[in-house]
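K.L.:
So I've got this file, upload.txt, and it contains compact mmCIF, C-alpha atoms and all ligand atoms:
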# COMPACT_ATOMS: atom_id res chain seq x y z
CA MET K 1 -19.53 28.04 2.08
CA GLY K 2 -22.20 25.34 1.92
CA PHE K 3 -23.22 23.32 -1.07
CA THR K 4 -22.10 24.65 -4.42
CA PHE K 5 -24.62 24.08 -7.16
CA ILE K 6 -23.33 22.39 -10.23
CA GLN K 7 -23.19 24.75 -13.14
CA THR K 8 -23.90 23.07 -16.40
CA GLU K 9 -22.86 24.51 -19.74
CA VAL K 10 -19.58 25.75 -18.36
CA LYS K 11 -16.48 25.17 -20.36
CA PRO K 12 -14.04 22.60 -18.94
CA ALA K 13 -10.78 24.23 -17.82
CA LEU K 14 -8.83 21.87 -20.06
CA ILE K 15 -10.26 23.63 -23.12
CA GLY K 16 -10.05 27.16 -21.82
CA GLY K 17 -12.79 27.41 -19.17
CA LYS K 18 -12.43 28.64 -15.62
CA PRO K 19 -11.17 25.93 -13.23
CA VAL K 20 -13.40 24.81 -10.37
CA ARG K 21 -10.50 25.42 -8.02
CA THR K 22 -7.20 27.26 -7.94
CA ALA K 23 -6.45 26.91 -4.20
CA SER K 24 -3.63 24.59 -3.14
CA TRP K 25 -4.12 21.26 -1.33
CA PRO K 26 -2.79 20.26 2.11
CA SER K 27 0.95 19.66 1.96
CA TRP K 28 2.62 16.46 3.11
CA PRO K 29 4.24 15.46 5.40
CA ARG K 30 2.97 17.54 8.28
CA TRP K 31 5.43 19.07 10.66
CA ASN K 32 4.84 21.35 13.62
CA PRO K 33 8.16 22.76 14.87
CA ASP K 34 6.67 23.55 18.28
CA THR K 35 5.61 20.01 19.04
CA ASP K 36 7.65 17.84 16.68
CA GLU K 37 11.20 19.13 16.80
CA SER K 38 12.35 18.67 20.37
CA ARG K 39 12.56 14.84 20.25
CA VAL K 40 14.55 14.99 17.03
CA LEU K 41 16.89 17.66 18.41
CA ASP K 42 17.41 15.62 21.58
CA VAL K 43 18.55 12.70 19.45
CA LEU K 44 20.82 14.86 17.31
CA ARG K 45 22.45 16.46 20.36
CA SER K 46 22.85 13.17 22.22
CA GLY K 47 25.14 11.70 19.58
CA VAL K 48 23.25 8.40 19.93
CA TRP K 49 22.04 8.12 16.35
CA SER K 50 22.23 4.40 15.77
CA ARG K 51 19.51 2.04 17.03
CA SER K 52 18.83 2.53 20.76
CA GLY K 53 16.10 3.68 23.16
CA VAL K 54 14.06 5.87 20.81
CA VAL K 55 13.78 3.08 18.24
CA LYS K 56 12.72 0.72 21.03
CA GLU K 57 10.14 3.26 22.23
CA PHE K 58 8.70 3.53 18.72
CA GLU K 59 8.59 -0.27 18.36
CA ASP K 60 6.79 -0.68 21.69
CA LYS K 61 4.29 2.01 20.77
CA TRP K 62 3.67 0.58 17.30
CA ALA K 63 3.19 -2.96 18.64
CA ASN K 64 0.79 -1.56 21.20
CA THR K 65 -1.07 0.53 18.62
CA ILE K 66 -1.45 -2.41 16.25
CA GLY K 67 -2.31 -4.89 18.97
CA SER K 68 0.64 -7.13 18.21
CA LYS K 69 2.98 -8.77 20.72
CA ARG K 70 6.18 -7.66 19.00
CA CYS K 71 7.40 -5.05 16.54
CA LEU K 72 10.75 -4.73 14.84
CA THR K 73 11.60 -1.64 12.84
CA VAL K 74 13.77 -1.88 9.74
CA VAL K 75 15.02 0.50 7.05
CA ASN K 76 11.89 0.34 4.89
CA GLY K 77 8.79 -1.62 4.02
CA THR K 78 10.48 -3.51 1.20
CA ASN K 79 13.09 -4.90 3.57
CA ALA K 80 10.42 -5.63 6.18
CA LEU K 81 8.79 -7.90 3.57
CA ILE K 82 12.08 -9.51 2.57
CA ALA K 83 13.06 -10.18 6.20
CA ALA K 84 9.65 -11.62 7.04
CA LEU K 85 9.60 -13.88 3.97
CA VAL K 86 13.16 -15.10 4.53
CA GLN K 87 12.55 -15.82 8.22
CA ALA K 88 9.33 -17.62 7.31
CA ASP K 89 11.67 -19.87 5.31
CA ILE K 90 10.40 -18.80 1.90
CA GLY K 91 13.02 -19.26 -0.79
CA GLY K 92 14.10 -20.93 -4.03
CA GLY K 93 11.50 -23.29 -5.48
CA ASP K 94 8.59 -21.90 -3.45
CA GLU K 95 5.60 -20.22 -5.00
CA VAL K 96 4.20 -17.12 -3.27
CA LEU K 97 0.69 -15.95 -4.20
CA VAL K 98 0.64 -12.16 -4.34
CA SER K 99 -1.88 -9.43 -5.06
CA SER K 100 -1.55 -8.30 -8.66
CA TYR K 101 -2.92 -4.82 -7.99
CA THR K 102 -0.02 -3.55 -5.90
CA PHE K 103 3.18 -1.56 -5.72
CA ILE K 104 6.31 -3.11 -7.22
CA ALA K 105 7.90 -3.68 -3.78
CA SER K 106 5.45 -6.49 -2.93
CA VAL K 107 6.73 -8.52 -5.87
CA ALA K 108 10.35 -7.35 -5.67
CA ALA K 109 10.51 -8.70 -2.11
CA ILE K 110 9.44 -12.17 -3.28
CA LEU K 111 12.06 -12.18 -6.05
CA GLN K 112 14.74 -11.20 -3.54
CA THR K 113 14.10 -14.43 -1.66
CA GLY K 114 14.47 -16.54 -4.80
CA ALA K 115 10.83 -17.62 -4.65
CA MET K 116 8.42 -17.49 -7.59
CA PRO K 117 5.76 -14.76 -7.46
CA VAL K 118 2.36 -15.99 -8.63
CA PHE K 119 -0.01 -13.15 -9.48
CA VAL K 120 -3.60 -13.38 -8.27
CA ASP K 121 -6.33 -11.31 -9.90
CA SER K 122 -8.35 -8.66 -8.07
CA ASP K 123 -11.87 -8.04 -6.94
CA PRO K 124 -12.64 -4.92 -9.00
CA GLU K 125 -15.02 -3.42 -6.44
CA THR K 126 -12.58 -3.52 -3.53
CA PHE K 127 -9.31 -3.40 -5.54
CA GLN K 128 -8.06 -6.24 -3.27
CA ILE K 129 -6.74 -9.74 -3.99
CA ASP K 130 -9.69 -12.02 -4.85
CA PRO K 131 -9.87 -15.07 -2.54
CA VAL K 132 -11.70 -17.06 -5.24
CA GLU K 133 -8.73 -16.53 -7.56
CA ILE K 134 -6.28 -17.47 -4.78
CA ARG K 135 -7.75 -20.98 -4.62
CA LYS K 136 -7.28 -21.46 -8.36
CA LYS K 137 -3.55 -20.69 -8.11
CA ILE K 138 -2.57 -23.08 -5.34
CA THR K 139 -0.17 -25.86 -6.37
CA SER K 140 1.96 -28.36 -4.46
CA ARG K 141 4.72 -25.74 -4.42
CA THR K 142 2.68 -22.91 -2.97
CA LYS K 143 4.20 -21.95 0.36
CA ALA K 144 2.82 -18.52 1.19
CA ILE K 145 0.23 -15.86 0.46
CA LEU K 146 1.26 -12.23 0.42
CA PRO K 147 -1.99 -10.25 0.48
CA VAL K 148 -1.65 -6.49 0.19
CA HIS K 149 -4.11 -4.13 1.91
CA ILE K 150 -3.84 -1.93 -1.10
CA LEU K 151 -4.83 1.76 -0.99
CA GLY K 152 -5.40 1.40 2.77
CA LEU K 153 -8.53 -0.72 2.23
CA PRO K 154 -8.39 -4.07 4.04
CA ALA K 155 -8.14 -7.29 2.02
CA ASP K 156 -10.60 -10.11 2.79
CA MET K 157 -8.47 -11.62 5.56
CA ASP K 158 -11.13 -13.99 6.92
CA SER K 159 -11.31 -15.80 3.59
CA ILE K 160 -7.55 -15.59 3.06
CA MET K 161 -6.75 -17.04 6.49
CA ALA K 162 -9.26 -19.85 5.95
CA ILE K 163 -7.61 -20.76 2.63
CA ALA K 164 -4.16 -20.57 4.25
CA LYS K 165 -5.23 -22.87 7.06
CA GLU K 166 -6.77 -25.43 4.72
CA ASN K 167 -3.65 -25.51 2.59
CA ASP K 168 -1.00 -25.05 5.29
CA LEU K 169 0.30 -21.78 3.84
CA VAL K 170 2.17 -18.98 5.57
CA VAL K 171 0.54 -15.54 5.37
CA ILE K 172 2.70 -12.43 5.36
CA GLU K 173 0.54 -9.31 5.13
CA ASP K 174 1.80 -6.37 3.12
CA ALA K 175 0.27 -3.67 5.31
CA CYS K 176 2.59 -1.02 3.87
CA GLN K 177 -0.52 1.10 3.15
CA GLY K 178 -2.59 -0.21 6.03
CA TRP K 179 -1.64 1.65 9.23
CA LEU K 180 -4.65 1.37 11.64
CA ALA K 181 -6.97 -0.30 9.14
CA GLU K 182 -9.25 -2.85 10.79
CA ILE K 183 -11.38 -5.90 10.16
CA ASN K 184 -13.86 -6.56 12.97
CA HIS K 185 -11.83 -4.14 15.12
CA LYS K 186 -8.65 -6.16 14.63
CA LYS K 187 -5.82 -4.28 12.93
CA VAL K 188 -4.53 -5.42 9.56
CA GLY K 189 -1.03 -6.83 9.87
CA THR K 190 -2.10 -9.03 12.81
CA PHE K 191 -3.92 -11.76 10.89
CA GLY K 192 -1.02 -13.66 9.33
CA LEU K 193 2.30 -14.80 10.76
CA ALA K 194 3.56 -11.26 10.21
CA GLY K 195 2.47 -7.85 9.02
CA CYS K 196 4.83 -5.44 7.27
CA PHE K 197 4.53 -1.66 7.33
CA SER K 198 6.20 1.22 5.50
CA PHE K 199 6.98 4.65 6.91
CA GLN K 200 8.31 6.14 3.68
CA ASN K 201 7.71 9.87 3.20
CA SER K 202 4.50 9.59 1.19
CA LYS K 203 2.92 7.11 3.59
CA ASN K 204 0.30 8.01 6.19
CA LEU K 205 2.90 7.56 8.96
CA PRO K 206 6.01 9.13 7.41
CA MET K 207 9.59 9.24 8.67
CA GLY K 208 11.45 9.68 5.39
CA GLU K 209 12.27 6.01 5.14
CA GLY K 210 11.38 3.26 7.56
CA GLY K 211 9.49 0.03 7.96
CA ALA K 212 8.34 -2.48 10.55
CA ILE K 213 7.43 -6.12 11.02
CA VAL K 214 4.81 -7.05 13.61
CA SER K 215 4.07 -10.56 14.84
CA ASP K 216 2.95 -12.50 17.89
CA ASP K 217 5.48 -15.27 17.21
CA ASP K 218 8.50 -14.81 19.50
CA ASP K 219 10.82 -17.27 17.76
CA PHE K 220 10.06 -15.74 14.38
CA MET K 221 10.61 -12.21 15.73
CA ASP K 222 13.87 -13.20 17.42
CA ARG K 223 15.06 -14.48 14.06
CA CYS K 224 13.93 -11.30 12.32
CA PHE K 225 15.78 -9.21 14.91
CA SER K 226 18.91 -11.27 14.50
CA TYR K 227 18.65 -11.10 10.69
CA HIS K 228 18.30 -7.29 10.78
CA ASN K 229 21.43 -6.98 12.95
CA TYR K 230 24.13 -8.92 11.03
CA GLY K 231 22.73 -12.24 12.24
CA TYR K 232 23.90 -11.63 15.81
CA ALA K 233 22.06 -13.78 18.33
CA TYR K 234 18.97 -12.22 19.89
CA GLY K 235 16.38 -13.42 22.40
CA SER K 236 15.85 -17.15 22.15
CA LEU K 237 18.81 -17.41 19.76
CA VAL K 238 21.30 -16.37 22.46
CA GLY K 239 23.27 -19.41 23.55
CA ALA K 240 25.45 -20.02 26.57
CA VAL K 241 28.70 -19.35 24.79
CA ASN K 242 29.66 -16.27 22.85
CA GLN K 243 28.93 -17.67 19.45
CA GLY K 244 28.82 -14.48 17.36
CA ALA K 245 26.43 -14.39 14.43
CA VAL K 246 24.05 -17.35 14.48
CA ILE K 247 22.00 -16.83 11.34
CA ALA K 248 22.75 -15.54 7.84
CA GLY K 249 21.88 -11.93 8.44
CA THR K 250 22.02 -8.50 6.96
CA LYS K 251 22.00 -5.00 8.40
CA ILE K 252 18.74 -3.08 8.05
CA ARG K 253 18.37 -1.13 11.31
CA LEU K 254 16.35 2.04 11.78
CA THR K 255 18.08 5.12 13.21
CA GLU K 256 17.17 7.04 16.35
CA TYR K 257 16.28 10.24 14.48
CA GLN K 258 13.93 8.38 12.15
CA ALA K 259 12.20 6.89 15.19
CA ALA K 260 11.95 10.35 16.78
CA ILE K 261 10.21 11.64 13.66
CA GLY K 262 7.98 8.58 13.70
CA LEU K 263 6.96 9.20 17.31
CA SER K 264 5.81 12.72 16.41
CA GLN K 265 3.86 11.45 13.41
CA LEU K 266 2.33 8.63 15.42
CA GLN K 267 0.72 11.21 17.70
CA ARG K 268 -1.34 12.60 14.84
CA LEU K 269 -1.97 9.36 12.95
CA ASP K 270 -5.29 8.53 14.58
CA SER K 271 -6.85 11.99 14.21
CA GLU K 272 -5.61 12.29 10.63
CA THR K 273 -6.97 8.82 9.87
CA GLN K 274 -10.32 9.83 11.29
CA LEU K 275 -10.38 12.93 9.09
CA ARG K 276 -9.50 10.89 5.99
CA GLU K 277 -12.29 8.44 6.83
CA THR K 278 -14.85 11.21 7.29
CA ASN K 279 -13.87 12.98 4.08
CA ALA K 280 -13.64 9.75 2.10
CA SER K 281 -17.11 8.59 3.05
CA TYR K 282 -18.53 12.07 2.37
CA LEU K 283 -16.89 12.14 -1.07
CA LYS K 284 -17.91 8.55 -1.82
CA GLN K 285 -21.51 9.43 -1.07
CA LYS K 286 -21.35 12.55 -3.28
CA LEU K 287 -19.96 10.53 -6.19
CA GLU K 288 -22.37 7.64 -5.80
CA GLY K 289 -24.95 9.11 -8.14
CA VAL K 290 -22.62 9.92 -11.02
CA SER K 291 -23.17 7.50 -13.88
CA GLY K 292 -19.86 6.37 -15.27
CA LEU K 293 -18.15 6.12 -11.87
CA SER K 294 -17.95 3.25 -9.39
CA THR K 295 -16.88 4.19 -5.92
CA TYR K 296 -14.80 1.79 -3.79
CA VAL K 297 -16.50 -0.99 -1.85
CA LEU K 298 -15.34 -2.29 1.55
CA TYR K 299 -15.83 -5.88 2.69
CA PRO K 300 -18.76 -6.01 5.15
CA ASN K 301 -16.53 -6.81 8.15
CA VAL K 302 -14.23 -3.82 7.63
CA THR K 303 -14.44 -1.55 10.64
CA ARG K 304 -11.83 0.93 9.46
CA ALA K 305 -10.32 1.81 6.11
CA VAL K 306 -7.42 4.26 6.17
CA PHE K 307 -7.30 5.62 2.61
CA HIS K 308 -3.67 5.88 1.63
CA LEU K 309 -5.44 6.68 -1.61
CA PHE K 310 -9.04 7.48 -2.47
CA PRO K 311 -9.90 5.29 -5.44
CA PHE K 312 -12.79 5.12 -7.83
CA ARG K 313 -13.36 3.42 -11.16
CA PHE K 314 -13.95 5.46 -14.29
CA HIS K 315 -16.12 3.97 -17.03
CA SER K 316 -15.63 5.64 -20.36
CA GLU K 317 -19.12 4.73 -21.60
CA GLY K 318 -20.66 6.80 -18.81
CA PHE K 319 -18.65 9.79 -20.06
CA LYS K 320 -19.77 9.66 -23.70
CA GLY K 321 -16.70 7.57 -24.59
CA LEU K 322 -14.15 9.98 -23.10
CA SER K 323 -10.82 8.28 -22.41
CA ARG K 324 -9.54 7.99 -18.85
CA ASP K 325 -6.44 9.85 -19.93
CA VAL K 326 -8.39 12.93 -21.03
CA PHE K 327 -10.63 12.63 -17.95
CA LEU K 328 -7.54 12.81 -15.72
CA LYS K 329 -6.14 15.76 -17.66
CA ALA K 330 -9.47 17.52 -17.43
CA LEU K 331 -9.71 16.87 -13.69
CA ARG K 332 -6.20 18.21 -13.13
CA ALA K 333 -7.06 21.28 -15.18
CA GLU K 334 -9.98 21.89 -12.80
CA GLY K 335 -7.45 22.05 -9.95
CA ILE K 336 -7.82 18.46 -8.71
CA PRO K 337 -4.57 16.44 -8.69
CA CYS K 338 -5.21 12.80 -9.62
CA SER K 339 -3.54 9.81 -11.18
CA SER K 340 -4.25 6.56 -12.97
CA GLY K 341 -2.38 4.55 -10.34
CA TYR K 342 -0.53 1.32 -10.82
CA ILE K 343 0.56 -0.36 -14.02
CA PRO K 344 0.38 -4.15 -14.43
CA LEU K 345 3.41 -5.86 -12.85
CA ASN K 346 3.01 -9.40 -14.19
CA ASP K 347 4.68 -8.88 -17.57
CA LYS K 348 7.53 -6.48 -16.90
CA LEU K 349 11.23 -6.88 -17.53
CA TYR K 350 12.31 -7.08 -13.88
CA ILE K 351 10.87 -10.62 -13.80
CA LYS K 352 12.79 -11.60 -16.91
CA ASP K 353 15.91 -10.17 -15.31
CA ALA K 354 15.42 -12.29 -12.18
CA PHE K 355 14.81 -15.36 -14.34
CA THR K 356 18.10 -14.86 -16.19
CA SER K 357 20.08 -14.56 -12.94
CA LYS K 358 22.49 -17.27 -11.91
CA ASN K 359 20.50 -18.06 -8.77
CA TYR K 360 17.18 -18.55 -10.55
CA ARG K 361 18.78 -20.62 -13.29
CA ARG K 362 20.16 -22.96 -10.63
CA MET K 363 16.93 -23.16 -8.64
CA TYR K 364 14.39 -23.70 -11.43
CA GLN K 365 13.94 -25.76 -14.58
CA ALA K 366 14.31 -23.96 -17.89
CA ASN K 367 10.59 -24.24 -18.69
CA GLU K 368 9.71 -22.59 -15.38
CA LEU K 369 11.85 -19.62 -16.39
CA ASP K 370 10.35 -19.25 -19.85
CA PHE K 371 9.19 -15.64 -19.63
CA ASP K 372 6.43 -15.85 -22.25
CA ASN K 373 5.10 -18.95 -20.55
CA TYR K 374 5.23 -17.22 -17.20
CA VAL K 375 3.34 -14.18 -18.50
CA ALA K 376 0.71 -16.45 -20.07
CA ASN K 377 0.25 -18.28 -16.75
CA ASN K 378 -0.01 -15.08 -14.74
CA GLN K 379 -2.73 -13.22 -16.60
CA CYS K 380 -4.89 -10.97 -14.41
CA PRO K 381 -7.53 -9.38 -16.65
CA ILE K 382 -9.37 -7.57 -13.84
CA THR K 383 -6.17 -5.96 -12.61
CA ASP K 384 -5.23 -5.07 -16.19
CA LYS K 385 -8.54 -3.28 -16.59
CA LEU K 386 -8.08 -1.41 -13.31
CA CYS K 387 -4.58 -0.35 -14.34
CA ASN K 388 -5.18 0.40 -18.00
CA GLU K 389 -8.72 1.73 -18.11
CA GLU K 390 -10.54 2.26 -14.86
CA ALA K 391 -8.67 3.29 -11.72
CA VAL K 392 -8.49 6.91 -10.64
CA TRP K 393 -6.69 7.89 -7.45
CA LEU K 394 -6.68 10.92 -5.23
CA SER K 395 -3.86 11.11 -2.70
CA GLN K 396 -4.30 10.67 1.06
CA SER K 397 -3.19 14.23 1.82
CA MET K 398 -6.12 15.68 -0.17
CA LEU K 399 -8.41 13.90 2.30
CA LEU K 400 -6.95 16.06 5.07
CA GLY K 401 -8.75 19.06 3.57
CA SER K 402 -12.16 20.47 4.49
CA GLN K 403 -15.61 19.33 3.42
CA SER K 404 -15.69 22.14 0.88
CA ASP K 405 -12.46 20.75 -0.59
CA MET K 406 -14.34 17.48 -1.08
CA ASP K 407 -17.16 19.46 -2.72
CA ASP K 408 -14.60 20.90 -5.14
CA ILE K 409 -13.53 17.39 -6.12
CA ALA K 410 -17.12 16.24 -6.63
CA ASN K 411 -18.05 19.42 -8.52
CA ALA K 412 -15.05 19.13 -10.84
CA ILE K 413 -15.97 15.53 -11.62
CA MET K 414 -19.62 16.46 -12.27
CA LYS K 415 -18.52 19.35 -14.46
CA ILE K 416 -16.46 17.00 -16.60
CA HIS K 417 -19.29 14.48 -16.64
CA GLU K 418 -21.81 17.03 -17.85
CA ASN K 419 -19.46 18.45 -20.44
CA ALA K 420 -17.83 15.24 -21.57
CA GLU K 421 -18.98 15.72 -25.14
CA GLU K 422 -17.02 18.95 -25.48
CA LEU K 423 -13.87 17.13 -24.36
CA LEU K 424 -14.16 14.36 -26.93
CA ASN K 425 -12.29 16.36 -29.52
CA TYR K 426 -9.49 17.29 -27.13
CA LYS K 427 -6.11 16.35 -28.57
CA GLY K 428 -3.56 17.21 -25.93
C1 LIG V 501 5.36 1.58 0.05
C2 LIG V 501 5.03 0.16 -0.15
C3 LIG V 501 5.95 -0.86 0.02
C4 LIG V 501 7.41 -0.63 0.25
O1 LIG V 501 7.70 0.21 1.30
P1 LIG V 501 9.05 1.08 1.24
O2 LIG V 501 9.13 1.64 2.62
O3 LIG V 501 8.86 2.12 0.19
O4 LIG V 501 10.16 0.15 0.94
C5 LIG V 501 5.53 -2.17 -0.13
N1 LIG V 501 4.26 -2.46 -0.45
C6 LIG V 501 3.35 -1.50 -0.64
C7 LIG V 501 1.94 -1.89 -0.97
C8 LIG V 501 3.70 -0.15 -0.52
O5 LIG V 501 2.79 0.78 -0.73
As structure tokens - that is how I would like this structure written.
P.N.:
Amino acid sequence: MGFTFIQTEVKPALIGGKPVRTASWPSWPRWNPDTDESRVLDVLRSGVWSRSGVVKEFEDKWANTIGSKRCLTVVNGTNALIAALVQADIGGGDEVLVSSYTFIASVAAILQTGAMPVFVDSDPETFQIDPVEIRKKITSRTKAILPVHILGLPADMDSIMAIAKENDLVVIEDACQGWLAEINHKKVGTFGLAGCFSFQNSKNLPMGEGGAIVSDDDDFMDRCFSYHNYGYAYGSLVGAVNQGAVIAGTKIRLTEYQAAIGLSQLQRLDSETQLRETNASYLKQKLEGVSGLSTYVLYPNVTRAVFHLFPFRFHSEGFKGLSRDVFLKALRAEGIPCSSGYIPLNDKLYIKDAFTSKNYRRMYQANELDFDNYVANNQCPITDKLCNEEAVWLSQSMLLGSQSDMDDIANAIMKIHENAEELLNYKG
């Protein structure tokens, strides 16, 4: 093995050359029948499939792992966010400041509560919500900030918490890509009132579907528990008399077999995270010299990034004017799966749909629900540029490969860089 020298003057695979790589990439999720199956089989054979001891064991372990007092599992990350927002008393008429460079679920959760999502632009180097932009968006109706630790890179929580404190705002962290990420050795998800996690199949801690809320606030967590279980009284909400459901709840409980899968995945999470970190920093360093690329930047106090995705920014001018679209096609042709990532969320029809709903029309003035007005007030040019021109992602499972796999990625990128001119005429 060892370092592969870059061959120049080789034809890109997209236009008929030989690909840098034909080998497959690590598959996901990982499953070892010898070590992973017995807990799941025990659950299946016990007949206790609904929430019980295995779910509780997972919650205790996750709280412990994250360094949080309490953990409540729920059906998925989206519902973890909804439950946390609702129990933080976020609802109709409130404005919630949210990262604009994120997955749809962050915003969908806000709309489910009846609150108004307010998009905040990004810091292009870190891909995270920009605290400077947060300040500009605060109004008398702002109630909460929903920062997202997007891509598994921590957001600037010190600045965000300072702004929240000054302005008396609730912080709910969307840590749905942030399992084990740290700022000054403190895990993301533990800075705000609550942190929400996802255990969906593609996530670094997969159980098919699943989610969790962590918090140190007992009253809040008792309410979340009650909410997730039809509103039945729990903890401090249990009164002297049998009063039945005490809050307006729903039913979003995790199952025992999901928790059993989660326990097996939790055992490998730290070592896999370490491998992703090692490979990510190796690859970052290899790509640092390539003109036309910007590698990700971490805030100085970040002690661990967990790379749900490996991102970099592509600059067409550094590739002789090649479009990102052709760059991605060329990279895929070299045997490197990649994507352009998120699309802008601030101007899409789901918002218009919410605004035309009966609930929104009763909670807001007509001018507040003017969609064109809303879009104009929620412009995020940096995020637009990331989405439409710059961002390139490699998936977390690729980072579970070897160092020579990382060399393949770097070599494929260099090959395209050095032969960009030949690709300019590509019409695919
Ligand atoms: C995956 C994800 C969610 C939603 O989690 P689900 O378990 O899929 O509902 C929310 N926010 C972000 C940033 C995510 O990546």
K.L.:
K:Asn204, K:Ser68, K:Thr139, K:Ser46: which is nearest ligand LIG 501 (chain V), counting all atoms listed in the file?
P.N.:
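Once distances to ligand LIG 501 (chain V) are computed over all atoms listed in the file, the minimum belongs to K:Asn204.
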K.L.:
Name the residues within 10 Å of (-9.9, 15.6, 3.5), counting all atoms listed in the file in the file's coordinates, and put them as JSON, numbers by chain.
P.N.:
{"K": [25, 26, 272, 273, 274, 275, 276, 277, 278, 279, 280, 282, 283, 395, 396, 397, 398, 399, 400, 401, 402, 403, 404, 405, 406]}
K.L.:
Just give me the gap between atom CA of K:Asp219 and atom CA of K:Ala248 in Å, one decimal is fine.
P.N.:
15.6 Å
K.L.:
With all atoms listed in the file as the counted atoms, please give the residues lying no more than 9 Å from stretch 172-189 of chain K, apart from itself and same-chain residues fewer than 4 positions off, as JSON, numbers by chain.
P.N.:
{"K": [65, 66, 67, 68, 77, 78, 81, 84, 85, 88, 106, 144, 145, 146, 147, 148, 149, 150, 151, 152, 153, 154, 155, 156, 157, 158, 193, 194, 195, 196, 197, 198, 199, 203, 204, 205, 211, 212, 213, 214, 215, 269, 270, 273, 299, 300, 301, 302, 303, 304, 305, 306, 307, 308, 309]}
K.L.:
With C-alpha atoms retained, write the just-selected residues as a compact mmCIF listing (two decimals), in the frame of the given file.
P.N.:
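Output below, filename out.txt:
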# COMPACT_ATOMS: atom_id res chain seq x y z
CA THR K 65 -1.07 0.53 18.62
CA ILE K 66 -1.45 -2.41 16.25
CA GLY K 67 -2.31 -4.89 18.97
CA SER K 68 0.64 -7.13 18.21
CA GLY K 77 8.79 -1.62 4.02
CA THR K 78 10.48 -3.51 1.20
CA LEU K 81 8.79 -7.90 3.57
CA ALA K 84 9.65 -11.62 7.04
CA LEU K 85 9.60 -13.88 3.97
CA ALA K 88 9.33 -17.62 7.31
CA SER K 106 5.45 -6.49 -2.93
CA ALA K 144 2.82 -18.52 1.19
CA ILE K 145 0.23 -15.86 0.46
CA LEU K 146 1.26 -12.23 0.42
CA PRO K 147 -1.99 -10.25 0.48
CA VAL K 148 -1.65 -6.49 0.19
CA HIS K 149 -4.11 -4.13 1.91
CA ILE K 150 -3.84 -1.93 -1.10
CA LEU K 151 -4.83 1.76 -0.99
CA GLY K 152 -5.40 1.40 2.77
CA LEU K 153 -8.53 -0.72 2.23
CA PRO K 154 -8.39 -4.07 4.04
CA ALA K 155 -8.14 -7.29 2.02
CA ASP K 156 -10.60 -10.11 2.79
CA MET K 157 -8.47 -11.62 5.56
CA ASP K 158 -11.13 -13.99 6.92
CA LEU K 193 2.30 -14.80 10.76
CA ALA K 194 3.56 -11.26 10.21
CA GLY K 195 2.47 -7.85 9.02
CA CYS K 196 4.83 -5.44 7.27
CA PHE K 197 4.53 -1.66 7.33
CA SER K 198 6.20 1.22 5.50
CA PHE K 199 6.98 4.65 6.91
CA LYS K 203 2.92 7.11 3.59
CA ASN K 204 0.30 8.01 6.19
CA LEU K 205 2.90 7.56 8.96
CA GLY K 211 9.49 0.03 7.96
CA ALA K 212 8.34 -2.48 10.55
CA ILE K 213 7.43 -6.12 11.02
CA VAL K 214 4.81 -7.05 13.61
CA SER K 215 4.07 -10.56 14.84
CA LEU K 269 -1.97 9.36 12.95
CA ASP K 270 -5.29 8.53 14.58
CA THR K 273 -6.97 8.82 9.87
CA TYR K 299 -15.83 -5.88 2.69
CA PRO K 300 -18.76 -6.01 5.15
CA ASN K 301 -16.53 -6.81 8.15
CA VAL K 302 -14.23 -3.82 7.63
CA THR K 303 -14.44 -1.55 10.64
CA ARG K 304 -11.83 0.93 9.46
CA ALA K 305 -10.32 1.81 6.11
CA VAL K 306 -7.42 4.26 6.17
CA PHE K 307 -7.30 5.62 2.61
CA HIS K 308 -3.67 5.88 1.63
CA LEU K 309 -5.44 6.68 -1.61
K.L.:
For the point (-16.2, 9.1, -24.3) in file coordinates, what residues are within 10 Å, counting only C-alpha atoms? Give the answer as a ChimeraX atom specification?
P.N.:
/K:315-324,326-327,417,420-425
K.L.:
So, counting all atoms listed in the file, which residue among K:Asp222, K:Glu133, K:Glu209, K:Glu166 is closest to ligand LIG 501 (chain V)?
P.N.:
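Between K:Asp222, K:Glu133, K:Glu209, K:Glu166, the residue approaching ligand LIG 501 (chain V) most closely is K:Glu209.
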K.L.:
Which is closer to ligand LIG 501 (chain V) than all the others in K:Lys137, K:Gln379, K:Asn76, K:Leu14, using only C-alpha atoms and all ligand atoms?
P.N.:
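Smallest distance to ligand LIG 501 (chain V) is found for K:Asn76.
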K.L.:
Would you mind telling me which residue in K:Cys387, K:Ile409, K:Val392, K:Ser38 lies nearest to K:Gly335 when using all atoms listed in the file?
P.N.:
K:Ile409
K.L.:
Would you please work out which residue, of K:Gln200, K:Gln243, K:Asn378, K:Ser271, is nearest to K:Lys136 when using only C-alpha atoms?
P.N.:
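Going through K:Gln200, K:Gln243, K:Asn378, K:Ser271 one by one, the smallest distance to K:Lys136 is for K:Asn378.
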K.L.:
Which residue gives the smallest distance to K:Thr73 among K:Ser99, K:Ser27, K:Asn167, K:Thr255, with only C-alpha atoms counted?
P.N.:
K:Thr255
K.L.:
Give me, please, the distance in Å between atom CA of K:Gly91 and atom CA of K:Asp216, quoted to one decimal.
P.N.:
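Going from atom CA of K:Gly91 over to atom CA of K:Asp216 covers 22.3 Å.
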K.L.:
I'd like the contact shell of K:Leu111 - 12 Å cut-off, all atoms listed in the file, skipping same-chain residues fewer than 3 positions apart - returned as JSON, numbers by chain.
P.N.:
{"K": [78, 81, 82, 85, 86, 90, 91, 92, 93, 94, 95, 96, 98, 104, 105, 106, 107, 108, 114, 115, 116, 117, 118, 350, 351, 352, 353, 354, 355, 357, 359, 360]}
